[in-house]
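A.B. asks: Before I ask anything, here is the structure I am working with.
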Amino acid sequence: MLEVVQPGLETSIQDYPGRIGFWNQGFPPSGPMDSWSFRLANLLVGNEAGTAGLECQYMGPTLKFRRDGVIAVTGADMQPKLDGQPIPMWESVAVKAGQTLALGPAKLGTRAYIAIAGGIDTPEWLGSRSTFHKAGVGGMEGRALKPGQVVPVAAGKGKAGRKVKPEARPAFATDKRWTIEVVPGPNDDWIDKAGHERFLATDWKLSAKSDRTGFRLDGPQWTFTEKATNKAPEHGAEPSNIIDQGYPLGAINLAGQTPIILVNDGPSMGGFICPYTVPSAAFWKLGQSKPGEVYRFKSVSVDEAQELRKRLKALCTPSSIV
Amino acid sequence: MIYDEPKFLAGGDRYMLIEFGNEMNLELNFMAQGLASAIEQSKTRGVVETAPCFASMLIHYDPDAIAFRDLQKEMASLIGSLGPSDDIELDSRLFYFPTCYLDPWTKKAVEDYCDKITKKEWDPAFVARLNELTDVQQFVRVHSGTEYWVASLGFWPGLPFMMALDPRCFLTAPKYNPPRTWTPQGTVGMGGASTAIYPVATPGGYQIFARIPVPIWDTEKRFPEFEASICLFRPGDRVKFVPVSVEEFEGVEAQVKDGTYVYNVVEYQRFSVRNYKKWVQSLDRTQRF
Amino acid sequence: MAERVETMVPGNVWKVMVKPGDKVSSGDVLFILEVMKTEVPHTAGADGTVTAVHIAEGQEGVDAGTVAVEIG
């Protein structure tokens, strides 16, 4: 139904919550990085919040519709145009067979989401349509969209003109600075007091070497407690080496001295410590930030992180749509 | 060290990491897998999935269904009811893999690394020397002389991390520094005290010395073993590497290609930690094969 | 007619193909940025002569929307 005229930088099929239940075989959940914008896009077109849609990164695709339908574009501002005419974001729009939707480079934010009434209808892999390109599963033949492909869409009924209430949308940083919530742990006791203070007081810069596998941060060195320096040799030679352990999604993984936030397509386990973890409610900020922008981390408790998640979940419901 | 009480660590808003100890010790993995199995049987509310690792277990839970502190209580109680790790029994499949040791493909990968990155001793010779074995032939006898226990899967999807069950075959090896940029698919390698099989050609840091011709990863599900998942292994499986020649390797490779290969897997055994430990006590650990 | 070629994505400058004085045709690749381990080539929109180059190979962390090359 959706003909890929031009695929953009990396556009892939994702669903929410993604591929669940295969962590112990090394499969991450994948799914949309900004699940807030993603879920709202689906609700706008009358889909369930987690229905498969498209995640567009940095530069969006050009798609031709082979059938009438209803779509919505949310997330980063890629200035969507239908047959050359701008269409509103955060609003459902009717499209007709033969029309072309073009998304350009992201002006504010990084990832835009396209939902279509009925939802994308590719085969599920291990319970999910989300793309995990490392393993070649999900999505369109296991990868991001390629020119000439036709993405199947199930029949659906959407209504044009539905909007997301302004107060229910994520507010992107406009000054290139983001406050990212983090929960200390699991391995926070490997970092000394000065190391914790330094981490929370630093303007960490997001590296351009970041992608859906991991978000690399540039900043100062970490300093460690005795737990890191006085341990059995099988942990490994570096202070940040630990006997291989499972990695929580969102863990700030300290590979040597380089912190890498493990995100949607990241490794499920490894031999480096995770002194902090970004909670699920803050993931949309990771998904919308650009290399060169600054992260300031704010320590929150598990309870506070769960409260944020609850509030976000409440916003991703039909009550946010008018 | 095996902790007297496991440690319950928070991972963000939805994860709990349970640490059983801080050393490479099969006992700790038995505890992790024993708990994973118990959770599955008791269907603990709020647990979405679990992933055991060498000495720990990661739990992904639903905070709407259960709070961290309540999950901690449930886990502590479940661990308590499991009793000593000696009581743990797990269904355990056993795979026999035809394995070409000292193969030309991993040798080429090492030579390539020496050309492009930095010189090093050929991996089997290096590992033999470090572990005070007489030569690479003894290394092959020792490495292939034991069943390997799949302790966990990860780092790359479908990649098994295994530990030798027979203490007479314990070996260790440091990792490459810097790592290789590629490893042939099906390579068998060692890092630290664990053995791994590379499911596809990936970068890697383990010492490499053998290769298997059968897929442990199959997105096309061409064989019945991949019915439930594209990944062959589950934690708690065991593997026996059966040394074969290059010719035999290529013969099996052809069978895999035309779909006639039949996996050699034994599926009626139950692994008993008590019996395992009794057996280990009876061995003369100073004897190598 | 002057053309200001802006970076479409934030990233690192992997290659710069032109210098001031070079004649370019519409569609010629002027420079390539790298983000998410992906190369993003940037091309000239029209024929002309390069009057200024504001980026350098190896430069890291260039913002999206930066004027990178000017063509007169």
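Lettering and numbering for the structure tokens are positional, with chains as A, B, ... in the shown order, residues counted from 1 in each chain, and ligands counted from 1 in the shown order.
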Chain A near chain B within 7 Å: what's each residue's closest atom pair and its distance in Å to one decimal, counting only C-alpha atoms, ordered by chain then ascending residue number, as CSV?

C.D. replies:
residue,atom,partner,partner_atom,distance
A:Gly21,CA,B:Glu49,CA,5.4
A:Trp23,CA,B:Ala51,CA,6.1
A:Asn24,CA,B:Ala51,CA,4.3
A:Gln25,CA,B:Leu153,CA,5.0
A:Gly26,CA,B:Gly154,CA,3.9
A:Phe27,CA,B:Pro157,CA,5.4
A:Leu126,CA,B:Ser229,CA,7.0
A:Ala135,CA,B:Pro157,CA,6.9
A:Val183,CA,B:Gly12,CA,5.2
A:Gly185,CA,B:Gly11,CA,5.7
A:Pro186,CA,B:Leu9,CA,5.1
A:Ala232,CA,B:Glu23,CA,6.7
A:Glu234,CA,B:Gly192,CA,6.2
A:Asp244,CA,B:Phe54,CA,6.4
A:Gln245,CA,B:Cys53,CA,5.4
A:Gly246,CA,B:Leu58,CA,5.5
A:Pro248,CA,B:Gly11,CA,5.7
A:Pro267,CA,B:Phe155,CA,4.9
A:Ser268,CA,B:Gly154,CA,5.5
A:Met269,CA,B:Phe155,CA,5.2
A:Gly270,CA,B:Phe155,CA,5.8
A:Thr277,CA,B:Gly12,CA,4.9
A:Val278,CA,B:Gly12,CA,5.9
A:Pro279,CA,B:Gly12,CA,4.7
A:Ser280,CA,B:Asp13,CA,6.8
A:Val302,CA,B:Asp13,CA,5.4
A:Ala305,CA,B:Asp13,CA,5.6
A:Gln306,CA,B:Asp13,CA,5.4

A.B. asks: With a cut-off of 7 Å, could you pull out the residues of chain A touching chain C and give me the nearest pair of atoms for each, distance in Å to one decimal, using only C-alpha atoms, ordered by chain and ascending number, as CSV?

C.D. replies:
residue,atom,partner,partner_atom,distance
A:Tyr58,CA,C:Val9,CA,6.2
A:Pro105,CA,C:Met8,CA,5.7
A:Ala208,CA,C:Gly11,CA,5.2
A:Lys209,CA,C:Met36,CA,5.6
A:Ser210,CA,C:Met36,CA,5.5
A:Asp211,CA,C:Met36,CA,4.8
A:Lys290,CA,C:Pro10,CA,6.7
A:Pro291,CA,C:Pro10,CA,6.2
A:Gly292,CA,C:Gly61,CA,5.2

A.B. asks: Could you write out that same residue set with N, CA and C atoms as a PDB file, in the first residue's frame?

C.D. replies:
ATOM      1  N   TYR A  58      16.383  11.271  11.230  1.00  0.00           N
ATOM      2  CA  TYR A  58      17.180  12.369  10.661  1.00  0.00           C
ATOM      3  C   TYR A  58      16.631  12.958   9.371  1.00  0.00           C
ATOM      4  N   PRO A 105      14.539  16.770   5.999  1.00  0.00           N
ATOM      5  CA  PRO A 105      15.455  16.667   7.134  1.00  0.00           C
ATOM      6  C   PRO A 105      14.791  17.218   8.393  1.00  0.00           C
ATOM      7  N   ALA A 208      28.155  11.826  17.543  1.00  0.00           N
ATOM      8  CA  ALA A 208      27.540  11.476  16.248  1.00  0.00           C
ATOM      9  C   ALA A 208      27.683   9.987  15.951  1.00  0.00           C
ATOM     10  N   LYS A 209      28.508   9.294  16.750  1.00  0.00           N
ATOM     11  CA  LYS A 209      28.675   7.856  16.535  1.00  0.00           C
ATOM     12  C   LYS A 209      27.528   7.077  17.191  1.00  0.00           C
ATOM     13  N   SER A 210      26.488   7.771  17.599  1.00  0.00           N
ATOM     14  CA  SER A 210      25.367   7.131  18.287  1.00  0.00           C
ATOM     15  C   SER A 210      24.340   6.625  17.293  1.00  0.00           C
ATOM     16  N   ASP A 211      23.691   5.518  17.651  1.00  0.00           N
ATOM     17  CA  ASP A 211      22.592   5.008  16.831  1.00  0.00           C
ATOM     18  C   ASP A 211      21.696   4.155  17.721  1.00  0.00           C
ATOM     19  N   LYS A 290      19.853  15.336  19.289  1.00  0.00           N
ATOM     20  CA  LYS A 290      20.786  15.289  18.155  1.00  0.00           C
ATOM     21  C   LYS A 290      22.227  15.224  18.650  1.00  0.00           C
ATOM     22  N   PRO A 291      23.112  14.595  17.880  1.00  0.00           N
ATOM     23  CA  PRO A 291      24.533  14.640  18.213  1.00  0.00           C
ATOM     24  C   PRO A 291      24.974  16.080  18.384  1.00  0.00           C
ATOM     25  N   GLY A 292      25.809  16.316  19.368  1.00  0.00           N
ATOM     26  CA  GLY A 292      26.261  17.676  19.642  1.00  0.00           C
ATOM     27  C   GLY A 292      25.443  18.319  20.736  1.00  0.00           C
TER      28      GLY A 292
END

A.B. asks: Could you tell me how far atom CA of A:Met59 sits from atom CA of A:Lys81, in Å to one decimal place?

C.D. replies: 13.5 Å

A.B. asks: For atom CA of A:Lys165 and atom CA of A:Glu181, determine how far apart the two atoms are, in Å to one decimal place.

C.D. replies: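 So the answer is 24.5 Å.
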
A.B. asks: Rounded to one decimal place, report the atom CA of B:Glu250-atom CA of B:Pro98 distance in Å.

C.D. replies: 10.4 Å

A.B. asks: Give me, as a PyMOL selection string, all polymer residues having an atom no more than 12 Å from B:Val188, counting only C-alpha atoms and skipping those fewer than 3 positions away in the same chain.

C.D. replies: chain B and resi 97-103+105-106+123-124+140+143-144+148+159-162+183-185+191+194-201+204-214+216+239-241+243

A.B. asks: Neighbours of C:Ala52 within 9 Å (only C-alpha atoms; same-chain residues fewer than 5 positions away dropped), as a VMD selection string?

C.D. replies: chain C and resid 19 to 21 68 to 72

A.B. asks: Apply DSSP to the structure's backbone, then extract all residues of stretch 49-180 of chain B labelled strand (DSSP E) and return them as a VMD selection string.

C.D. replies: chain B and resid 49 to 52 56 to 61 89 to 91 94 to 101 147 to 153 160 to 164
